[in-house]
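Worksheet: one structure, shown below.
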Amino acid sequence: MTLPKPGFIPTARMIVESDSEQAEVDTQHERASANNRDAQPSDQVRELHPWFQTLNELPPPPFDWPTLFGNAHPVEVEIGSARGLFLYNAGRTQPDRNFLGIENDLKEAIRGAVRLQRYQVPNARMLGADAKLVFARYLQSGSVEGVHIYFPDPWWKRKHHRRRLFTRTFLDQVARVLSPGGSFHAWTDVGEYFAMMVEIVGQHPLFARQPDPPETTPRDDLDYRTSFERKKRRAGLPIYRGLWQRVGPAAPPLAPASSAETISPPVDATPPNDGAARAPRPPA
């Protein structure tokens, strides 16, 4: 795929969003609930508690941070945590903050939680769940001080662009859960996707763009934001980094949810493999 040239301005066609996005989230969750009402955590998952949890192990929404973390420290949320390198580094270097990672690939989420458990990172948690569902129903308005999205699946084919995480509807949820002054981090290795991100956030009245974070020289193999960033930088590929601040007033409170919304997909106790979390890029 050819990356955009300097000064590139995306067109409206590049900003793809389904009008029925929330309906799709509802349908997917209802299907998972119907199929997995009797699902129980495996022994492997029980041993990872509290570093790994699913929605059906937690109280009904919305989340109560002191209950989840055992303290009242500020909370930041990462979407698509995969093997948990960001959670590991952020948790160890910022002990006065809590970090929640959300990962829909349960094998990758378990792998990340194993790392947190091995090094006993007390202020980081991995949640095996769908991020759109968590943001829409489980996160209270203004309860988060930072949201991080690193290298989301680009869904390369145009007909699949509607599956991308980054849409106007989802950005509204990010704005709702962020407290005024909170930070929003979004990185990708796909130039076209980043151009779309910049335009969508630039059109939103509750975000102000900040200077892009600079590229730094890593001290060691773990000194990267994510494992995917390490892979791409070693291959000599560019990384696009965006940072925005939440501005304006706090959002209205989250509407109450029913108790039926606490069922999550079953957890596979099979040890995770080394498969990549993202779909492969199609041949040029």
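Each chain in the structure tokens gets a letter, A, B, ..., in the order shown, and its residues are numbered from 1; ligands are numbered from 1 in order too.
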
DSSP on the backbone, then: every residue of stretch 38-241 of chain A marked strand (DSSP E), written as a PDB file with C-alpha atoms, in the first residue's frame.
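File written: part.pdb
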```pdb
ATOM      1  CA  PHE A  52      -7.067 -11.299  33.841  1.00  0.00           C
ATOM      2  CA  GLN A  53     -10.837 -11.114  34.075  1.00  0.00           C
ATOM      3  CA  THR A  54     -13.895 -11.243  31.818  1.00  0.00           C
ATOM      4  CA  VAL A  75      -7.295   5.206  35.477  1.00  0.00           C
ATOM      5  CA  GLU A  76      -6.127   4.953  31.875  1.00  0.00           C
ATOM      6  CA  VAL A  77      -7.530   2.462  29.364  1.00  0.00           C
ATOM      7  CA  GLU A  78      -5.773   0.747  26.463  1.00  0.00           C
ATOM      8  CA  ILE A  79      -7.793  -0.776  23.621  1.00  0.00           C
ATOM      9  CA  ASN A  98      -4.057   2.303  37.207  1.00  0.00           C
ATOM     10  CA  PHE A  99      -4.133   0.793  33.716  1.00  0.00           C
ATOM     11  CA  LEU A 100      -6.883  -1.359  32.214  1.00  0.00           C
ATOM     12  CA  GLY A 101      -6.205  -3.192  28.965  1.00  0.00           C
ATOM     13  CA  ILE A 102      -9.081  -4.462  26.820  1.00  0.00           C
ATOM     14  CA  GLU A 103      -8.355  -7.300  24.391  1.00  0.00           C
ATOM     15  CA  ALA A 124      -2.493  -3.165  35.663  1.00  0.00           C
ATOM     16  CA  ARG A 125      -5.371  -5.417  34.608  1.00  0.00           C
ATOM     17  CA  MET A 126      -6.283  -7.253  31.399  1.00  0.00           C
ATOM     18  CA  LEU A 127      -9.962  -7.523  30.464  1.00  0.00           C
ATOM     19  CA  GLY A 128     -11.024 -10.108  27.894  1.00  0.00           C
ATOM     20  CA  VAL A 144     -10.895   7.860  32.635  1.00  0.00           C
ATOM     21  CA  GLU A 145      -7.864  10.153  32.351  1.00  0.00           C
ATOM     22  CA  GLY A 146      -6.282   8.534  29.308  1.00  0.00           C
ATOM     23  CA  VAL A 147      -7.315   6.353  26.364  1.00  0.00           C
ATOM     24  CA  HIS A 148      -4.684   4.535  24.284  1.00  0.00           C
ATOM     25  CA  ILE A 149      -5.190   2.885  20.879  1.00  0.00           C
ATOM     26  CA  TYR A 150      -2.029   1.406  19.376  1.00  0.00           C
ATOM     27  CA  LEU A 178     -12.509  10.875  29.206  1.00  0.00           C
ATOM     28  CA  SER A 179     -12.424  13.493  31.923  1.00  0.00           C
ATOM     29  CA  PRO A 180     -11.848  17.109  30.804  1.00  0.00           C
ATOM     30  CA  GLY A 181      -8.110  17.512  30.240  1.00  0.00           C
ATOM     31  CA  GLY A 182      -7.658  13.784  29.651  1.00  0.00           C
ATOM     32  CA  SER A 183      -5.403  12.481  26.903  1.00  0.00           C
ATOM     33  CA  PHE A 184      -6.158  10.395  23.829  1.00  0.00           C
ATOM     34  CA  HIS A 185      -3.268   8.517  22.179  1.00  0.00           C
ATOM     35  CA  ALA A 186      -3.640   6.861  18.761  1.00  0.00           C
ATOM     36  CA  TRP A 187      -0.765   5.282  16.815  1.00  0.00           C
ATOM     37  CA  THR A 188      -0.687   3.281  13.608  1.00  0.00           C
ATOM     38  CA  PHE A 207     -10.678  17.207  21.172  1.00  0.00           C
ATOM     39  CA  ALA A 208      -7.703  19.516  20.666  1.00  0.00           C
ATOM     40  CA  ARG A 209      -4.650  18.165  18.860  1.00  0.00           C
ATOM     41  CA  TYR A 240       2.386   7.651  12.870  1.00  0.00           C
ATOM     42  CA  ARG A 241       1.716   8.983  16.387  1.00  0.00           C
TER      43      ARG A 241
END
```

*May I have the residues within 9 Å of A:Ala175 as a list in words, using only C-alpha atoms and disregarding those fewer than 2 positions away in the same chain?*
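In the requested form, the answer reads Ser141, Gly142, Phe170, Leu171, Asp172, Gln173, Val177, Leu178, Ser179, Pro180, Phe184, Leu206, Phe207, Arg246, Val247, Ala250 and Ala251 of chain A.
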
Hey, what's within 12 Å of A:Lys231 if we count only C-alpha atoms and toss same-chain stuff fewer than 6 positions away? As JSON, numbers by chain, please?
{"A": [151, 189, 221, 222, 224, 225, 237, 238, 239, 276]}

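Between atom CA of A:Gln210 and atom CA of A:Gly242 the interatomic distance comes to 7.8 Å.
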
Problem - Residues flagged alpha helix (DSSP H) by DSSP in stretch 35-265 of chain A, as a VMD selection string - result: chain A and resid 35 43 to 48 65 to 69 85 to 93 106 to 118 131 to 137 168 to 177 191 to 202 227 to 234
